[in-house]
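These notes are about the structure you will find just below.
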Amino acid sequence: MLDPAGGFAAGTVARTRLSHSLRLLFALAALPFLAVIVFMLAAIGFALLPATGRTQQAGGEPTLYLCASLAHTDIVMPSRDALVDWAGLFPAVMPPNLPSEAYLAFGWGDLVFFQETPTWADTRMSTALAALAGRHDTALRVVAVNPPVANPDCLTLAVDRQGRQALIAHIRASLQPDSAGRAQQRPGGMGLEAFYLARGRYGPLNTCNQWAAEALAAAGLPHARFAPFSFSVTWPLGKGRAG
């Protein structure tokens with residue numbers, strides 16, 4: 001015969017175990033959301049409390065730019081510079097007839113994403129997720145552009161000669177050269193746009209914007225130490241302090 005007391009106790013234990021299991025499942029399901037919240041709060045915090053730059057003696061130096069979209073930032077520099085031979089490094093984007101006033105936009109990121117996403121309208125979730133997982137090589141994207149003087153998405157950067165030299169070194173150090181020390185161009189690009197094999201792997205903690213923030217740091221400009229988003233790069237500069 002079933003012991004009523006024993007049966008009640010067994011049922012209570014079973015319900016307790018079920019309750020604990022449900023709580024554990026709920027906690028596990030909530031972890032990704034909590035991680036996203038912490039990630040966003042960290043990004044905002046670092047952008048609002050950036051590392052300060054040094055005093056720039058930029059009088060007489062060429063104007064540089066930082067251009068931003070919703071998700072990406074580029075460092076934009078003159079195509080002709082006494083400190084570097086860009087044409088020798090990136091001949092695909094600097095034909096002989098390129099106007100002397102042209103600029104070069106530099107950005108780092110996932111190679112396949114660059115190749116398969118010429119415009120944001122071409123973005124595919126599978127390509128973006130593969131990039132975040134670090135499954136592909138990375139590339140330095142170089143594009144010849146007109147001077148972005150009136151572009152509302154671009155901030156002017158007052159950078160002295162020392163800072164400009166550091167920016168050039170940062171760009172060159174990002175490349176993965178061949179055995180002869182030459183930049184390795186990869187297929188893709190439209191017009192005066194080219195992709196060159198780069199060092200590093202793309203990921204949530206190492207994005208295109210982190211690369212741009214590290215470029216600003218090298219130049220001695222205000223920057224966020226953790227910069228996963230484009231606002232992470234633009235907020236520390238601020239329109240009032242960037243020009």
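Residues are named by chain letter and number: chains run A, B, ... in the order of the structure tokens, numbers start at 1 in each chain, and ligands are numbered from 1 in the order shown.
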
Exercise: stretch 37-51 of chain A partners within 7 Å, only C-alpha atoms, chain neighbours under 3 positions left out, as a list in words: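 Here the qualifying residues turn out to be Phe33, Leu34, Pro222, His223, Ala224, Arg225, Phe226, Ala227, Pro228, Ser232, Trp235 and Pro236 of chain A.
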
Please dump the current selection as an mmCIF file, in the first residue's frame; keep N, CA and C atoms.
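The resulting file, selection_23.cif, is shown below:
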```cif
data_model
loop_
_atom_site.group_PDB
_atom_site.id
_atom_site.type_symbol
_atom_site.label_atom_id
_atom_site.label_comp_id
_atom_site.auth_asym_id
_atom_site.auth_seq_id
_atom_site.Cartn_x
_atom_site.Cartn_y
_atom_site.Cartn_z
ATOM 1 N N PHE A 33 21.486 37.995 -23.222
ATOM 2 C CA PHE A 33 20.920 39.340 -23.126
ATOM 3 C C PHE A 33 21.712 40.192 -22.129
ATOM 4 N N LEU A 34 22.106 39.579 -21.026
ATOM 5 C CA LEU A 34 22.915 40.312 -20.049
ATOM 6 C C LEU A 34 24.269 40.680 -20.645
ATOM 7 N N PRO A 222 42.120 62.299 -28.846
ATOM 8 C CA PRO A 222 41.198 61.663 -27.911
ATOM 9 C C PRO A 222 40.592 60.399 -28.520
ATOM 10 N N HIS A 223 40.445 59.363 -27.684
ATOM 11 C CA HIS A 223 39.940 58.093 -28.205
ATOM 12 C C HIS A 223 39.390 57.248 -27.067
ATOM 13 N N ALA A 224 38.481 56.357 -27.426
ATOM 14 C CA ALA A 224 37.966 55.373 -26.471
ATOM 15 C C ALA A 224 38.883 54.159 -26.490
ATOM 16 N N ARG A 225 39.212 53.645 -25.330
ATOM 17 C CA ARG A 225 40.072 52.462 -25.268
ATOM 18 C C ARG A 225 39.329 51.210 -25.748
ATOM 19 N N PHE A 226 38.027 51.219 -25.622
ATOM 20 C CA PHE A 226 37.191 50.131 -26.135
ATOM 21 C C PHE A 226 36.195 50.771 -27.089
ATOM 22 N N ALA A 227 36.273 50.417 -28.375
ATOM 23 C CA ALA A 227 35.504 51.146 -29.394
ATOM 24 C C ALA A 227 34.873 50.197 -30.406
ATOM 25 N N PRO A 228 33.837 49.467 -30.035
ATOM 26 C CA PRO A 228 33.229 48.526 -30.977
ATOM 27 C C PRO A 228 32.323 49.176 -32.013
ATOM 28 N N SER A 232 31.696 55.124 -30.853
ATOM 29 C CA SER A 232 32.831 54.977 -29.943
ATOM 30 C C SER A 232 34.037 55.771 -30.436
ATOM 31 N N TRP A 235 32.382 60.100 -30.749
ATOM 32 C CA TRP A 235 32.058 60.815 -29.513
ATOM 33 C C TRP A 235 33.288 61.377 -28.805
ATOM 34 N N PRO A 236 34.379 60.620 -28.653
ATOM 35 C CA PRO A 236 35.534 61.202 -27.963
ATOM 36 C C PRO A 236 36.114 62.426 -28.678
#
```

Strand (DSSP E or B) call set, DSSP backbone run, stretch 9-212 of chain A, as an NGL selection string: :A and (51 or 64-68 or 73-78 or 81 or 84 or 103-110 or 138-145 or 154-157 or 175 or 185-186 or 193-198 or 203 or 206)

Selection near A:Val149, 12 Å with only C-alpha atoms, sequence-local residues under 2 positions removed, as a ChimeraX atom specification: /A:63-67,76-77,101-103,145-147,151-157,243

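Among the candidates A:Arg80, A:Arg141, A:Arg135, A:Arg164, the residue lying nearest to A:Gln56 is A:Arg164 (atoms considered: only C-alpha atoms).
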
Best match for closeness to A:Phe231 among A:Gln210, A:Leu31, A:Ala139, A:Ala92, counting only C-alpha atoms: A:Gln210

Any chance you could tabulate, as a Markdown table, the residues of stretch 102-140 of chain A at most 10 Å from stretch 195-199 of chain A with each one's nearest atom pair and distance in Å to one decimal, using only C-alpha atoms, in chain and rising number order?
```
| residue | atom | partner | partner_atom | distance |
| --- | --- | --- | --- | --- |
| A:Gly107 | CA | A:Phe195 | CA | 9.6 |
| A:Trp108 | CA | A:Ala198 | CA | 7.8 |
| A:Gly109 | CA | A:Ala198 | CA | 8.5 |
| A:Asp110 | CA | A:Ala198 | CA | 9.2 |
| A:Leu111 | CA | A:Phe195 | CA | 7.5 |
| A:Phe114 | CA | A:Phe195 | CA | 8.0 |
| A:Gln115 | CA | A:Phe195 | CA | 8.2 |
| A:Asp137 | CA | A:Leu197 | CA | 7.3 |
| A:Thr138 | CA | A:Ala198 | CA | 5.2 |
| A:Ala139 | CA | A:Ala198 | CA | 4.5 |
| A:Leu140 | CA | A:Tyr196 | CA | 5.1 |
```

Preceding selection exported with N, CA and C atoms as a PDB file, in the first residue's frame:
```pdb
ATOM      1  N   GLY A 107      40.332  52.000 -44.086  1.00  0.00           N
ATOM      2  CA  GLY A 107      39.521  51.299 -43.100  1.00  0.00           C
ATOM      3  C   GLY A 107      39.947  49.852 -43.025  1.00  0.00           C
ATOM      4  N   TRP A 108      39.812  49.272 -41.855  1.00  0.00           N
ATOM      5  CA  TRP A 108      40.198  47.872 -41.618  1.00  0.00           C
ATOM      6  C   TRP A 108      38.945  47.061 -41.345  1.00  0.00           C
ATOM      7  N   GLY A 109      38.937  45.797 -41.785  1.00  0.00           N
ATOM      8  CA  GLY A 109      37.779  44.961 -41.498  1.00  0.00           C
ATOM      9  C   GLY A 109      37.893  43.580 -42.092  1.00  0.00           C
ATOM     10  N   ASP A 110      36.794  42.856 -42.050  1.00  0.00           N
ATOM     11  CA  ASP A 110      36.732  41.487 -42.568  1.00  0.00           C
ATOM     12  C   ASP A 110      36.786  41.521 -44.094  1.00  0.00           C
ATOM     13  N   LEU A 111      37.696  40.752 -44.681  1.00  0.00           N
ATOM     14  CA  LEU A 111      37.898  40.779 -46.123  1.00  0.00           C
ATOM     15  C   LEU A 111      36.645  40.360 -46.883  1.00  0.00           C
ATOM     16  N   PHE A 114      33.923  42.972 -46.786  1.00  0.00           N
ATOM     17  CA  PHE A 114      34.231  44.051 -47.730  1.00  0.00           C
ATOM     18  C   PHE A 114      33.887  43.628 -49.160  1.00  0.00           C
ATOM     19  N   GLN A 115      34.295  42.418 -49.534  1.00  0.00           N
ATOM     20  CA  GLN A 115      34.108  41.961 -50.910  1.00  0.00           C
ATOM     21  C   GLN A 115      32.644  41.770 -51.267  1.00  0.00           C
ATOM     22  N   ASP A 137      40.016  36.088 -43.366  1.00  0.00           N
ATOM     23  CA  ASP A 137      41.126  37.031 -43.303  1.00  0.00           C
ATOM     24  C   ASP A 137      40.570  38.447 -43.166  1.00  0.00           C
ATOM     25  N   THR A 138      41.419  39.349 -42.724  1.00  0.00           N
ATOM     26  CA  THR A 138      41.030  40.757 -42.672  1.00  0.00           C
ATOM     27  C   THR A 138      41.745  41.517 -43.785  1.00  0.00           C
ATOM     28  N   ALA A 139      41.286  42.734 -44.017  1.00  0.00           N
ATOM     29  CA  ALA A 139      41.833  43.533 -45.109  1.00  0.00           C
ATOM     30  C   ALA A 139      41.881  44.996 -44.717  1.00  0.00           C
ATOM     31  N   LEU A 140      42.811  45.695 -45.327  1.00  0.00           N
ATOM     32  CA  LEU A 140      42.830  47.159 -45.287  1.00  0.00           C
ATOM     33  C   LEU A 140      42.142  47.625 -46.559  1.00  0.00           C
TER      34      LEU A 140
END
```

Close residues, stretch 212-219 of chain A itself excluded, 6 Å, only C-alpha atoms, min 3 positions apart in chain, as a ChimeraX atom specification: /A:163,166-167,209,223,233

Any chance you could export the current selection's N, CA and C atoms as a PDB file, in the first residue's frame?
```pdb
ATOM      1  N   GLY A 163      52.084  63.261 -35.266  1.00  0.00           N
ATOM      2  CA  GLY A 163      50.866  62.452 -35.253  1.00  0.00           C
ATOM      3  C   GLY A 163      50.574  61.838 -36.601  1.00  0.00           C
ATOM      4  N   ALA A 166      52.747  58.900 -37.133  1.00  0.00           N
ATOM      5  CA  ALA A 166      52.257  57.766 -36.347  1.00  0.00           C
ATOM      6  C   ALA A 166      51.056  57.107 -37.021  1.00  0.00           C
ATOM      7  N   LEU A 167      50.172  57.914 -37.613  1.00  0.00           N
ATOM      8  CA  LEU A 167      49.039  57.361 -38.347  1.00  0.00           C
ATOM      9  C   LEU A 167      49.516  56.532 -39.539  1.00  0.00           C
ATOM     10  N   ASN A 209      36.031  49.710 -35.997  1.00  0.00           N
ATOM     11  CA  ASN A 209      36.063  50.943 -35.209  1.00  0.00           C
ATOM     12  C   ASN A 209      37.148  50.908 -34.138  1.00  0.00           C
ATOM     13  N   HIS A 223      40.445  59.363 -27.684  1.00  0.00           N
ATOM     14  CA  HIS A 223      39.940  58.093 -28.205  1.00  0.00           C
ATOM     15  C   HIS A 223      39.390  57.248 -27.067  1.00  0.00           C
ATOM     16  N   VAL A 233      34.084  56.012 -31.739  1.00  0.00           N
ATOM     17  CA  VAL A 233      35.202  56.744 -32.336  1.00  0.00           C
ATOM     18  C   VAL A 233      34.887  58.236 -32.437  1.00  0.00           C
TER      19      VAL A 233
END
```

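In this model, the gap between atom CA of A:His170 and atom CA of A:Pro78 comes to 15.6 Å.
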